[in-house]
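Shown next: work.csv, containing CSV, C-alpha atoms.
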```
chain,number,residue,atom,x,y,z
A,66,MET,CA,-225.0,-99.7,84.0
A,67,GLU,CA,-226.7,-98.1,87.0
A,68,GLN,CA,-224.5,-96.0,89.3
A,69,ASP,CA,-224.7,-96.3,93.1
A,70,PRO,CA,-226.3,-93.3,94.8
A,71,PRO,CA,-223.7,-91.3,96.8
A,72,ARG,CA,-222.8,-92.8,100.2
A,73,PRO,CA,-224.0,-90.7,103.1
A,74,THR,CA,-221.4,-89.0,105.3
A,75,PRO,CA,-221.1,-90.3,108.9
A,76,ARG,CA,-223.0,-87.2,110.0
A,77,GLU,CA,-225.8,-87.9,107.6
A,78,ALA,CA,-225.9,-91.5,108.6
A,79,ASP,CA,-226.2,-90.5,112.3
A,80,GLU,CA,-229.0,-88.1,111.4
A,81,MET,CA,-230.8,-90.9,109.5
A,82,ARG,CA,-230.5,-93.2,112.5
A,83,ARG,CA,-231.8,-90.5,114.8
A,84,ARG,CA,-234.9,-89.9,112.6
A,85,ARG,CA,-235.6,-93.6,112.2
A,86,ARG,CA,-235.4,-94.0,115.9
A,87,GLY,CA,-237.8,-91.0,116.3
A,88,ARG,CA,-240.3,-92.7,114.0
A,89,ASN,CA,-240.0,-96.0,115.7
A,90,ILE,CA,-240.7,-94.5,119.1
A,91,ALA,CA,-243.6,-92.5,117.8
A,92,LEU,CA,-245.1,-95.7,116.2
A,93,PHE,CA,-244.6,-97.6,119.4
A,94,VAL,CA,-246.4,-94.8,121.4
A,95,VAL,CA,-249.3,-94.8,118.9
A,96,LEU,CA,-249.7,-98.6,119.1
A,97,ILE,CA,-249.6,-98.6,122.9
A,98,ALA,CA,-252.1,-95.7,123.0
A,99,LEU,CA,-254.5,-97.5,120.6
A,100,ALA,CA,-254.3,-100.7,122.6
A,101,ALA,CA,-255.2,-98.8,125.7
A,102,LEU,CA,-258.0,-97.0,124.0
A,103,PHE,CA,-259.5,-100.2,122.6
A,104,TYR,CA,-259.3,-101.8,126.0
A,105,ALA,CA,-261.0,-98.8,127.6
A,106,ILE,CA,-263.7,-98.8,124.9
A,107,SER,CA,-264.3,-102.5,125.5
A,108,ILE,CA,-264.6,-102.1,129.3
A,109,VAL,CA,-267.1,-99.2,128.8
A,110,LYS,CA,-269.2,-101.1,126.3
A,111,LEU,CA,-269.2,-104.3,128.4
A,112,THR,CA,-270.1,-102.4,131.6
A,113,ARG,CA,-273.0,-100.6,130.0
A,114,SER,CA,-274.4,-103.6,128.2
A,115,GLY,CA,-274.0,-105.7,131.4
B,1,MET,CA,-243.3,-96.0,104.4
B,2,SER,CA,-241.8,-93.6,101.9
B,3,ASN,CA,-239.5,-94.9,99.2
B,4,THR,CA,-236.9,-92.5,100.4
B,5,THR,CA,-236.7,-94.6,103.5
B,6,ALA,CA,-237.1,-98.0,102.0
B,7,PRO,CA,-233.4,-98.7,101.3
B,8,LEU,CA,-232.7,-97.8,104.9
B,9,ALA,CA,-235.3,-100.2,106.3
B,10,ALA,CA,-233.1,-103.2,106.2
B,11,ALA,CA,-232.7,-105.3,109.3
B,12,ASP,CA,-229.6,-105.0,111.4
B,13,GLY,CA,-227.4,-107.1,109.2
B,14,GLY,CA,-228.3,-105.1,106.1
B,15,GLU,CA,-227.8,-101.7,107.6
B,16,GLN,CA,-224.4,-101.0,106.1
B,17,SER,CA,-225.4,-101.9,102.6
B,18,SER,CA,-228.7,-100.0,103.0
B,19,LEU,CA,-226.8,-96.9,104.0
B,20,ARG,CA,-224.8,-97.1,100.8
B,21,THR,CA,-227.9,-96.9,98.7
B,22,ALA,CA,-229.3,-93.9,100.6
B,23,ALA,CA,-229.5,-90.8,98.5
B,24,LEU,CA,-232.2,-89.0,100.3
B,25,PRO,CA,-232.7,-88.2,104.0
B,26,GLU,CA,-235.0,-90.3,106.2
B,27,THR,CA,-238.4,-88.7,106.8
B,28,ASP,CA,-238.8,-87.0,110.1
B,29,ILE,CA,-241.8,-87.7,112.3
B,30,ARG,CA,-242.7,-84.0,112.0
B,31,ASP,CA,-243.3,-84.5,108.3
B,32,TRP,CA,-245.9,-87.2,109.0
B,33,ILE,CA,-247.6,-84.9,111.4
B,34,ALA,CA,-247.5,-82.0,108.9
B,35,LEU,CA,-249.3,-84.2,106.4
B,36,LEU,CA,-252.3,-84.1,108.8
B,37,LYS,CA,-252.6,-80.3,108.6
B,38,PRO,CA,-252.6,-79.9,112.4
B,39,ARG,CA,-253.9,-76.3,112.3
B,40,VAL,CA,-256.9,-77.2,110.2
B,41,MET,CA,-257.4,-80.2,112.4
B,42,SER,CA,-257.6,-78.0,115.5
B,43,LEU,CA,-260.6,-76.1,114.2
B,44,VAL,CA,-262.3,-79.3,113.1
B,45,VAL,CA,-261.7,-80.9,116.5
B,46,PHE,CA,-263.1,-77.9,118.2
B,47,THR,CA,-266.3,-77.7,116.2
B,48,GLY,CA,-266.8,-81.5,116.6
B,49,LEU,CA,-266.3,-81.1,120.3
B,50,ILE,CA,-268.9,-78.3,120.4
B,51,GLY,CA,-271.4,-80.5,118.5
B,52,LEU,CA,-270.8,-83.2,121.1
B,53,LEU,CA,-271.1,-80.9,124.1
B,54,VAL,CA,-274.3,-79.1,123.1
B,55,ALA,CA,-276.2,-82.2,122.0
B,56,PRO,CA,-278.9,-83.4,124.4
B,57,GLY,CA,-277.8,-86.5,126.2
B,58,ARG,CA,-274.6,-87.8,127.6
B,59,LEU,CA,-271.7,-89.8,126.2
B,60,HIS,CA,-269.3,-91.7,128.5
B,61,PRO,CA,-266.0,-89.7,128.6
B,62,VAL,CA,-264.0,-92.5,127.0
B,63,LEU,CA,-266.5,-92.7,124.1
B,64,ALA,CA,-266.6,-88.9,123.8
B,65,PHE,CA,-262.8,-88.9,123.6
B,66,THR,CA,-262.9,-91.6,121.0
B,67,ALA,CA,-265.5,-89.7,118.9
B,68,VAL,CA,-263.4,-86.5,119.0
B,69,LEU,CA,-260.2,-88.6,118.2
B,70,CYS,CA,-262.0,-90.2,115.2
B,71,ILE,CA,-263.0,-86.7,113.9
B,72,ALA,CA,-259.5,-85.5,114.3
B,73,VAL,CA,-257.9,-88.5,112.6
B,74,ALA,CA,-260.4,-88.3,109.7
B,75,ALA,CA,-259.7,-84.6,109.3
B,76,GLY,CA,-256.0,-85.4,109.3
B,77,ALA,CA,-256.5,-88.1,106.7
B,78,CYS,CA,-258.3,-85.6,104.5
B,79,GLY,CA,-255.3,-83.3,104.8
B,80,ALA,CA,-252.9,-86.1,103.8
B,81,ILE,CA,-255.0,-87.1,100.8
B,82,ASN,CA,-255.4,-83.4,99.8
B,83,MET,CA,-251.6,-83.0,99.9
B,84,TRP,CA,-251.1,-86.1,97.8
B,85,TYR,CA,-253.6,-84.8,95.2
B,86,ASP,CA,-252.4,-81.2,95.2
B,87,ARG,CA,-248.7,-81.9,95.2
B,88,ASP,CA,-248.2,-80.3,91.8
B,89,ILE,CA,-249.8,-77.0,92.7
B,90,ASP,CA,-248.3,-77.1,96.2
B,91,ALA,CA,-244.9,-77.2,94.5
B,92,VAL,CA,-245.4,-73.8,92.8
B,93,MET,CA,-247.0,-71.9,95.7
B,94,HIS,CA,-244.8,-70.1,98.2
B,95,ARG,CA,-247.2,-70.9,101.0
B,96,THR,CA,-247.1,-74.7,100.4
B,97,ARG,CA,-243.9,-75.6,98.5
B,98,ASN,CA,-242.1,-76.7,101.7
B,99,ARG,CA,-244.8,-79.2,102.5
B,100,PRO,CA,-243.4,-82.8,102.9
B,101,ILE,CA,-244.4,-84.1,99.4
B,102,PRO,CA,-243.3,-81.1,97.1
B,103,ALA,CA,-240.1,-80.8,99.2
B,104,GLY,CA,-239.3,-84.4,98.5
B,105,ARG,CA,-239.3,-85.6,102.1
B,106,ILE,CA,-242.3,-88.0,101.6
B,107,GLU,CA,-243.2,-90.0,98.6
B,108,PRO,CA,-246.7,-89.2,97.2
B,109,GLY,CA,-247.8,-92.9,97.3
B,110,ALA,CA,-246.8,-93.2,100.9
B,111,ALA,CA,-248.9,-90.0,101.8
B,112,LEU,CA,-251.9,-91.5,100.0
B,113,GLY,CA,-251.6,-94.8,101.7
B,114,TYR,CA,-251.3,-93.0,105.1
B,115,GLY,CA,-254.3,-90.9,104.4
B,116,VAL,CA,-256.5,-93.7,103.2
B,117,THR,CA,-255.5,-95.9,106.1
B,118,LEU,CA,-256.3,-93.2,108.6
B,119,ALA,CA,-259.6,-92.4,107.0
B,120,VAL,CA,-260.8,-96.0,106.9
B,121,GLY,CA,-259.6,-96.6,110.4
B,122,SER,CA,-261.2,-93.6,111.9
B,123,ILE,CA,-264.6,-94.3,110.3
B,124,THR,CA,-264.5,-97.9,111.3
B,125,VAL,CA,-263.7,-97.1,114.9
B,126,MET,CA,-266.4,-94.5,114.9
B,127,TYR,CA,-268.9,-97.1,113.8
B,128,LEU,CA,-267.7,-99.8,116.2
B,129,ALA,CA,-267.2,-97.6,119.3
B,130,ILE,CA,-269.9,-94.9,118.9
B,131,ASN,CA,-272.7,-95.5,116.4
B,132,LEU,CA,-273.7,-95.9,112.8
B,133,ALA,CA,-275.1,-92.3,112.3
B,134,ALA,CA,-271.8,-90.7,113.4
B,135,ALA,CA,-269.8,-93.0,111.2
B,136,VAL,CA,-272.0,-92.3,108.2
B,137,VAL,CA,-271.7,-88.5,108.6
B,138,LEU,CA,-267.9,-88.8,109.2
B,139,ALA,CA,-267.6,-90.9,106.0
B,140,LEU,CA,-269.7,-88.4,104.1
B,141,SER,CA,-267.5,-85.6,105.3
B,142,VAL,CA,-264.3,-87.4,104.2
B,143,ALA,CA,-265.8,-88.3,100.8
B,144,PHE,CA,-267.0,-84.7,100.3
B,145,TYR,CA,-263.7,-83.2,101.1
B,146,VAL,CA,-261.6,-85.6,99.0
B,147,PHE,CA,-263.9,-86.2,96.0
B,148,VAL,CA,-266.1,-83.1,95.8
B,149,TYR,CA,-263.8,-80.4,97.0
B,150,THR,CA,-260.2,-81.6,96.4
B,151,MET,CA,-260.7,-83.6,93.2
B,152,TRP,CA,-263.7,-82.0,91.5
B,153,LEU,CA,-264.3,-78.4,92.5
B,154,LYS,CA,-261.0,-76.9,93.7
B,155,ARG,CA,-259.4,-76.6,90.3
B,156,ARG,CA,-262.6,-76.0,88.3
B,157,THR,CA,-264.7,-73.3,89.8
B,158,PRO,CA,-264.3,-70.1,91.8
B,159,GLN,CA,-267.1,-71.4,93.9
B,160,ASN,CA,-264.8,-74.2,95.1
B,161,ILE,CA,-264.7,-72.7,98.6
B,162,VAL,CA,-268.4,-72.1,98.9
B,163,ILE,CA,-269.4,-75.7,98.2
B,164,GLY,CA,-266.2,-77.2,99.6
B,165,GLY,CA,-267.0,-75.3,102.8
B,166,ALA,CA,-269.5,-78.1,103.5
B,167,ALA,CA,-266.6,-80.4,104.2
B,168,GLY,CA,-265.5,-78.3,107.1
B,169,ALA,CA,-269.0,-77.9,108.4
B,170,PHE,CA,-269.6,-81.6,109.0
B,171,PRO,CA,-267.7,-82.1,112.3
B,172,ALA,CA,-270.3,-80.4,114.4
B,173,VAL,CA,-272.9,-82.7,112.9
B,174,VAL,CA,-270.7,-85.7,113.6
B,175,GLY,CA,-270.2,-84.6,117.2
B,176,TRP,CA,-274.0,-84.3,117.7
B,177,ALA,CA,-274.7,-87.6,116.0
B,178,ALA,CA,-272.2,-89.3,118.3
B,179,VAL,CA,-274.3,-88.4,121.3
B,180,THR,CA,-277.8,-88.7,119.9
B,181,GLY,CA,-277.4,-91.3,117.1
B,182,SER,CA,-279.4,-89.0,114.8
B,183,VAL,CA,-279.3,-85.6,113.0
B,184,ASP,CA,-281.9,-82.9,113.5
B,185,LEU,CA,-282.3,-79.1,113.1
B,186,VAL,CA,-279.7,-77.8,115.5
B,187,PRO,CA,-276.7,-79.6,114.1
B,188,LEU,CA,-277.9,-78.5,110.6
B,189,ILE,CA,-277.8,-74.9,111.9
B,190,LEU,CA,-274.3,-75.4,113.2
B,191,PHE,CA,-273.4,-76.9,109.8
B,192,ALA,CA,-274.9,-73.8,108.1
B,193,ILE,CA,-273.0,-71.4,110.3
B,194,VAL,CA,-269.6,-73.0,109.4
B,195,PHE,CA,-270.8,-73.3,105.7
B,196,PHE,CA,-271.5,-69.5,105.4
B,197,TRP,CA,-268.5,-68.6,107.5
B,198,THR,CA,-266.0,-70.4,105.2
B,199,PRO,CA,-266.2,-68.0,102.1
B,200,PRO,CA,-265.4,-64.8,104.0
B,201,HIS,CA,-262.7,-66.7,105.9
B,202,PHE,CA,-261.1,-68.3,102.9
B,203,TRP,CA,-261.5,-65.4,100.5
B,204,SER,CA,-259.7,-63.1,102.9
B,205,LEU,CA,-256.8,-65.5,102.7
B,206,ALA,CA,-257.2,-65.7,98.9
B,207,LEU,CA,-257.0,-61.9,98.6
B,208,PHE,CA,-253.5,-61.8,100.2
B,209,ALA,CA,-252.4,-65.1,98.7
B,210,ASN,CA,-253.7,-64.2,95.2
B,211,ALA,CA,-250.3,-64.3,93.5
B,212,ASP,CA,-249.8,-67.8,94.7
B,213,TYR,CA,-253.2,-69.1,93.5
B,214,GLN,CA,-252.6,-67.3,90.2
B,215,ARG,CA,-249.3,-69.0,89.7
B,216,ALA,CA,-250.7,-72.4,90.6
B,217,GLY,CA,-253.7,-71.9,88.2
B,218,VAL,CA,-256.3,-72.4,91.0
B,219,PRO,CA,-259.5,-70.6,90.1
B,220,MET,CA,-260.0,-68.9,93.4
B,221,LEU,CA,-262.5,-66.0,93.2
B,222,PRO,CA,-259.8,-63.2,93.3
B,223,VAL,CA,-258.0,-64.9,90.4
B,224,VAL,CA,-261.2,-65.3,88.3
B,225,ALA,CA,-263.4,-62.4,89.2
B,226,GLY,CA,-260.9,-60.0,90.7
B,227,ALA,CA,-260.3,-58.5,94.1
B,228,LYS,CA,-263.2,-56.1,94.0
B,229,GLU,CA,-265.8,-58.8,93.3
B,230,THR,CA,-264.2,-60.9,96.0
B,231,ARG,CA,-264.5,-58.1,98.6
B,232,ARG,CA,-268.1,-57.7,97.6
B,233,GLN,CA,-268.9,-61.3,98.1
B,234,ILE,CA,-267.0,-61.5,101.4
B,235,VAL,CA,-269.4,-58.8,102.7
B,236,LEU,CA,-272.4,-60.6,101.2
B,237,TYR,CA,-271.7,-63.9,102.8
B,238,THR,CA,-270.9,-62.2,106.2
B,239,LEU,CA,-274.4,-60.5,106.0
B,240,LEU,CA,-275.9,-63.9,105.4
B,241,LEU,CA,-273.9,-65.4,108.3
B,242,LEU,CA,-275.0,-62.9,110.9
B,243,PRO,CA,-278.7,-63.6,111.1
B,244,LEU,CA,-278.0,-67.3,110.7
B,245,SER,CA,-275.7,-67.2,113.8
B,246,LEU,CA,-278.7,-66.0,115.9
B,247,THR,CA,-281.0,-68.8,114.8
B,248,THR,CA,-280.2,-71.1,117.7
B,249,TRP,CA,-281.2,-68.2,120.0
B,250,TRP,CA,-284.4,-67.5,118.1
B,251,ILE,CA,-285.6,-71.1,118.2
B,252,GLY,CA,-284.9,-71.2,121.9
B,253,PHE,CA,-282.1,-73.8,121.8
B,254,SER,CA,-279.6,-71.3,123.4
B,255,GLY,CA,-280.0,-68.4,125.8
B,256,PRO,CA,-278.8,-64.8,126.2
B,257,VAL,CA,-275.1,-65.7,126.8
B,258,TYR,CA,-275.0,-67.0,123.3
B,259,GLY,CA,-277.3,-64.4,121.8
B,260,VAL,CA,-275.2,-61.5,123.1
B,261,ALA,CA,-272.0,-63.2,122.1
B,262,ALA,CA,-273.3,-63.8,118.6
B,263,ILE,CA,-274.4,-60.1,118.2
B,264,VAL,CA,-271.1,-58.7,119.5
B,265,LEU,CA,-268.9,-61.1,117.5
B,266,GLY,CA,-271.1,-60.6,114.4
B,267,ALA,CA,-270.7,-56.8,114.7
B,268,GLY,CA,-267.0,-57.3,114.9
B,269,PHE,CA,-266.9,-59.6,111.9
B,270,LEU,CA,-269.0,-57.1,109.9
B,271,PHE,CA,-266.7,-54.3,110.9
B,272,SER,CA,-263.6,-56.3,109.8
B,273,VAL,CA,-265.1,-57.3,106.4
B,274,LEU,CA,-266.3,-53.7,105.7
B,275,ARG,CA,-262.7,-52.6,106.3
B,276,VAL,CA,-261.7,-55.2,103.6
B,277,ALA,CA,-264.3,-53.8,101.2
B,278,ARG,CA,-263.1,-50.2,101.8
B,279,ASP,CA,-259.4,-51.1,101.6
B,280,ARG,CA,-257.4,-48.5,99.6
B,281,GLN,CA,-257.0,-50.0,96.1
B,282,ASP,CA,-256.1,-49.2,92.6
B,283,ALA,CA,-258.5,-49.2,89.6
B,284,ALA,CA,-258.1,-52.9,89.2
B,285,GLY,CA,-259.0,-53.5,92.8
B,286,VAL,CA,-255.4,-54.4,93.9
B,287,SER,CA,-254.8,-53.4,97.5
B,288,LEU,CA,-252.5,-50.5,98.2
B,289,THR,CA,-252.0,-51.5,101.8
B,290,GLY,CA,-250.6,-55.0,101.2
B,291,ASP,CA,-254.1,-56.4,101.9
B,292,ALA,CA,-253.7,-55.5,105.6
B,293,PRO,CA,-257.5,-55.5,106.2
B,294,ALA,CA,-257.9,-58.9,104.6
B,295,ARG,CA,-255.1,-60.3,106.8
B,296,ALA,CA,-256.8,-58.9,109.8
B,297,SER,CA,-260.2,-60.2,108.7
B,298,PHE,CA,-258.7,-63.7,108.2
B,299,ARG,CA,-257.4,-63.7,111.7
B,300,TYR,CA,-260.6,-62.3,113.1
B,301,SER,CA,-262.7,-64.9,111.3
B,302,ILE,CA,-260.9,-67.7,113.1
B,303,LEU,CA,-261.4,-66.0,116.5
B,304,TYR,CA,-265.0,-65.4,115.6
B,305,LEU,CA,-265.8,-69.1,115.0
B,306,PHE,CA,-263.9,-70.3,118.1
B,307,VAL,CA,-265.6,-67.8,120.4
B,308,LEU,CA,-269.0,-68.1,118.9
B,309,PHE,CA,-269.0,-71.9,119.3
B,310,ALA,CA,-267.4,-71.7,122.7
B,311,ALA,CA,-270.2,-69.3,123.7
B,312,LEU,CA,-272.8,-71.8,122.5
B,313,ALA,CA,-271.3,-74.5,124.7
B,314,VAL,CA,-271.0,-72.3,127.7
B,315,ASP,CA,-274.6,-71.2,127.3
B,316,ARG,CA,-275.8,-74.8,127.1
B,317,LEU,CA,-273.7,-75.9,130.0
B,318,VAL,CA,-274.7,-73.0,132.4
B,319,GLY,CA,-278.2,-72.5,131.0
```
With the file now loaded, output its structure as structure tokens.
Amino acid sequence: MEQDPPRPTPREADEMRRRRRGRNIALFVVLIALAALFYAISIVKLTRSG
Amino acid sequence: MSNTTAPLAAADGGEQSSLRTAALPETDIRDWIALLKPRVMSLVVFTGLIGLLVAPGRLHPVLAFTAVLCIAVAAGACGAINMWYDRDIDAVMHRTRNRPIPAGRIEPGAALGYGVTLAVGSITVMYLAINLAAAVVLALSVAFYVFVYTMWLKRRTPQNIVIGGAAGAFPAVVGWAAVTGSVDLVPLILFAIVFFWTPPHFWSLALFANADYQRAGVPMLPVVAGAKETRRQIVLYTLLLLPLSLTTWWIGFSGPVYGVAAIVLGAGFLFSVLRVARDRQDAAGVSLTGDAPARASFRYSILYLFVLFAALAVDRLVG
């Protein structure tokens, strides 16, 4: 029978939440930056071709 | 996402149960950044930017930024794939054993997926936003680094760095192609400069990291041919590099600012590698100074390339 892995201490759980939050924020920033970049590229391309 | 984090990725309601299954810490954002080898990336971005700045013609700033970003992301992708493939040897080398994969902070499969996604994404954006030539050269550089250098040469031949150096030489060509949509003589000269610069740069590192490479079984030149032969070849490649670095001046592409900079920097590089060659050593060629000249030469080689290429850009912009 498989044993459960050890339960994290409250401090470890807090640290995990902090890291997860850091990753989520970073991903959000990357997605917003990409959207802004693709928008800017589109404007430049459309302006030049027009 | 890494398997170490998967049990923790449950939605709000499942958080308590997911925490019960957590045995390993969540990965930190810094680990994902470390996978991209930011220090290597900075040199690649710089040479790519120089290729872009010295090329004839103009690129809209937004597109120029996009081109440099694609070069940076592709270089980072190569770093991640390299760390995935080399995780076994990274684990036994002092210099690399705390990297995210051997340290157990990121699952190998997650690193591979991350690298492949970034590589495909950066090449695709380069094609859609810039042009086909730049995307093709970028794809070639990624393929060369991953398949030719990392998977084929690195563990098989002491010439790994010589041929693999081509991978690091591509960005200047990509930058040029982004502006002109083609590749001609000057970017090939820039390619050759980085190509011939790589062996003295990397073998200086290999001299003082020799024990690490030996332990990992990587056939770097000092491991296979010894420190003496490595010092000889460092001088040889530097002697080849110096006249090559003057070529853009000889063909009239750059002016005296670059020419003087290339001569002064080249003299400094030659001086530093001659100190490596004349390092106090025992009969087997092992340094008695803790490879102090090799360490200094390694640092100087980075400065050399940065300042040489910066001088080329300044020369073109003011000339």
Exercise. If you measure from atom CA of Phe65 of chain B to atom CA of Ile106 of chain A, what distance in Å do you get, rounded to one decimal?
Worked result: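 Spanning atom CA of Phe65 of chain B to atom CA of Ile106 of chain A is a straight-line distance of 10.0 Å.
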Problem set entry | Of the listed residues B:Thr150, B:Asn160, B:Gln214, B:Thr27, that which approaches chain A most closely, counting only C-alpha atoms |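 Between B:Thr150, B:Asn160, B:Gln214, B:Thr27, the residue approaching chain A most closely is B:Thr27.
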Exercise. With only C-alpha atoms as the atoms that count, which of A:Thr74, A:Arg88, A:Arg83, A:Ile108 lies nearest to chain B?
Worked result: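 When distances to chain B are compared using only C-alpha atoms, the smallest one comes from A:Arg88.
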Exercise. Could you pull the residues within 6 Å of segment 177-194 of chain B, counting only C-alpha atoms, minus those fewer than 5 positions along the same chain, as a list in words?
Worked result: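 Skipping anything fewer than 5 positions along the chain leaves Leu59, Ala133, Ala134 and Ala169 of chain B.
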For this session: Please provide as a list in words all residues within 6 Å of Leu36 of chain B, with the sequence filter that same-chain residues fewer than 5 positions apart are discarded (counting all atoms listed in the file).
Result: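 In the requested format, the answer is Gly76, Gly79 and Ala80 of chain B.
The neighbours of Arg86 of chain A here are the residues that come within 10 Å of it, using all atoms listed in the file and leaving out any residue fewer than 5 positions away in the same chain; they are A:Glu80, A:Met81, A:Ala91, A:Leu92, B:Asp28, B:Ile29.
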Exercise. Can you list, as a PyMOL selection string, every protein, DNA or RNA residue that comes within 12 Å of Leu102 of chain A when you count only C-alpha atoms, leaving out same-chain residues fewer than 6 positions away?
Worked result: (chain A and resi 95-96+108-109) or (chain B and resi 61-67+69-70+125+129)
Would you write out those residues with C-alpha atoms, as a tab-separated table (two decimals), in the coordinates of the input?
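Produced file part_31.tsv, reproduced below:
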```tsv
chain	number	residue	atom	x	y	z
A	95	VAL	CA	-249.30	-94.80	118.90
A	96	LEU	CA	-249.70	-98.60	119.10
A	108	ILE	CA	-264.60	-102.10	129.30
A	109	VAL	CA	-267.10	-99.20	128.80
B	61	PRO	CA	-266.00	-89.70	128.60
B	62	VAL	CA	-264.00	-92.50	127.00
B	63	LEU	CA	-266.50	-92.70	124.10
B	64	ALA	CA	-266.60	-88.90	123.80
B	65	PHE	CA	-262.80	-88.90	123.60
B	66	THR	CA	-262.90	-91.60	121.00
B	67	ALA	CA	-265.50	-89.70	118.90
B	69	LEU	CA	-260.20	-88.60	118.20
B	70	CYS	CA	-262.00	-90.20	115.20
B	125	VAL	CA	-263.70	-97.10	114.90
B	129	ALA	CA	-267.20	-97.60	119.30
```
For this session: Tell me which of B:Ser301, B:Ser42, B:Ser122, B:Thr47 sits closest to chain A, counting all atoms listed in the file.
Result: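 Among the listed residues, the smallest separation from chain A belongs to B:Ser122.
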Exercise. Can you tell me how far atom CA of Val235 of chain B sits from atom CA of Val273 of chain B, in Å to one decimal?
Worked result: 5.9 Å
For this session: Work out how far apart atom CA of Ile130 of chain B and atom CA of Ala172 of chain B are and give it in Å to one decimal.
Result: 15.2 Å
Problem set entry | Residue among A:Gly87, A:Asp79, A:Val94, A:Thr112 lying closest to chain B, counting only C-alpha atoms | A:Gly87
Exercise. Which of these, B:Ala277, B:Ile81, B:Leu52, B:Ala284, has the shortest distance to Arg316 of chain B once you count only C-alpha atoms?
Worked result: B:Leu52
Problem set entry | Proximity to chain B - best of A:Leu111, A:Ala101, A:Arg85, A:Pro75, all atoms listed in the file |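 Answer, going by the shortest atom-to-atom distance: A:Arg85.
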Problem set entry | Near-segment 86-101 of chain B list (9 Å; only C-alpha atoms; drop same-chain fewer than 3 positions) as a list in words |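 Here the qualifying residues turn out to be Thr27, Asp31, Trp32, Ala34, Leu35, Ile81, Asn82, Met83, Gly104, Arg105, Ile106, Glu107, Pro108, Ala111, Thr150, Met151, Ala209, Ala211, Asp212, Tyr213, Arg215, Ala216, Gly217 and Val218 of chain B.
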Missing atoms of segment 127-138 of chain B rebuilt to N, CA and C atoms, written as a PDB file, keeping the file's coordinate frame:
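Okay, part_23.pdb is ready:
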```
ATOM      1  N   TYR B 127    -267.746 -96.245 113.935  1.00  0.00           N
ATOM      2  CA  TYR B 127    -268.900 -97.100 113.800  1.00  0.00           C
ATOM      3  C   TYR B 127    -268.910 -98.163 114.993  1.00  0.00           C
ATOM      4  N   LEU B 128    -267.750 -98.781 115.227  1.00  0.00           N
ATOM      5  CA  LEU B 128    -267.700 -99.800 116.200  1.00  0.00           C
ATOM      6  C   LEU B 128    -267.841 -99.307 117.660  1.00  0.00           C
ATOM      7  N   ALA B 129    -267.237 -98.144 117.917  1.00  0.00           N
ATOM      8  CA  ALA B 129    -267.200 -97.600 119.300  1.00  0.00           C
ATOM      9  C   ALA B 129    -268.393 -96.698 119.594  1.00  0.00           C
ATOM     10  N   ILE B 130    -268.865 -95.970 118.587  1.00  0.00           N
ATOM     11  CA  ILE B 130    -269.900 -94.900 118.900  1.00  0.00           C
ATOM     12  C   ILE B 130    -271.227 -95.355 118.257  1.00  0.00           C
ATOM     13  N   ASN B 131    -271.488 -95.003 117.018  1.00  0.00           N
ATOM     14  CA  ASN B 131    -272.700 -95.500 116.400  1.00  0.00           C
ATOM     15  C   ASN B 131    -272.679 -95.302 114.872  1.00  0.00           C
ATOM     16  N   LEU B 132    -273.659 -95.858 114.226  1.00  0.00           N
ATOM     17  CA  LEU B 132    -273.700 -95.900 112.800  1.00  0.00           C
ATOM     18  C   LEU B 132    -273.872 -94.451 112.197  1.00  0.00           C
ATOM     19  N   ALA B 133    -274.763 -93.657 112.827  1.00  0.00           N
ATOM     20  CA  ALA B 133    -275.100 -92.300 112.300  1.00  0.00           C
ATOM     21  C   ALA B 133    -273.792 -91.462 112.264  1.00  0.00           C
ATOM     22  N   ALA B 134    -273.034 -91.467 113.369  1.00  0.00           N
ATOM     23  CA  ALA B 134    -271.800 -90.700 113.400  1.00  0.00           C
ATOM     24  C   ALA B 134    -270.800 -91.152 112.370  1.00  0.00           C
ATOM     25  N   ALA B 135    -270.717 -92.478 112.204  1.00  0.00           N
ATOM     26  CA  ALA B 135    -269.800 -93.000 111.200  1.00  0.00           C
ATOM     27  C   ALA B 135    -270.176 -92.646 109.802  1.00  0.00           C
ATOM     28  N   VAL B 136    -271.479 -92.658 109.537  1.00  0.00           N
ATOM     29  CA  VAL B 136    -272.000 -92.300 108.200  1.00  0.00           C
ATOM     30  C   VAL B 136    -271.673 -90.849 107.877  1.00  0.00           C
ATOM     31  N   VAL B 137    -271.962 -89.966 108.839  1.00  0.00           N
ATOM     32  CA  VAL B 137    -271.700 -88.500 108.600  1.00  0.00           C
ATOM     33  C   VAL B 137    -270.205 -88.287 108.456  1.00  0.00           C
ATOM     34  N   LEU B 138    -269.405 -88.991 109.265  1.00  0.00           N
ATOM     35  CA  LEU B 138    -267.900 -88.800 109.200  1.00  0.00           C
ATOM     36  C   LEU B 138    -267.465 -89.296 107.775  1.00  0.00           C
TER      37      LEU B 138
END
```
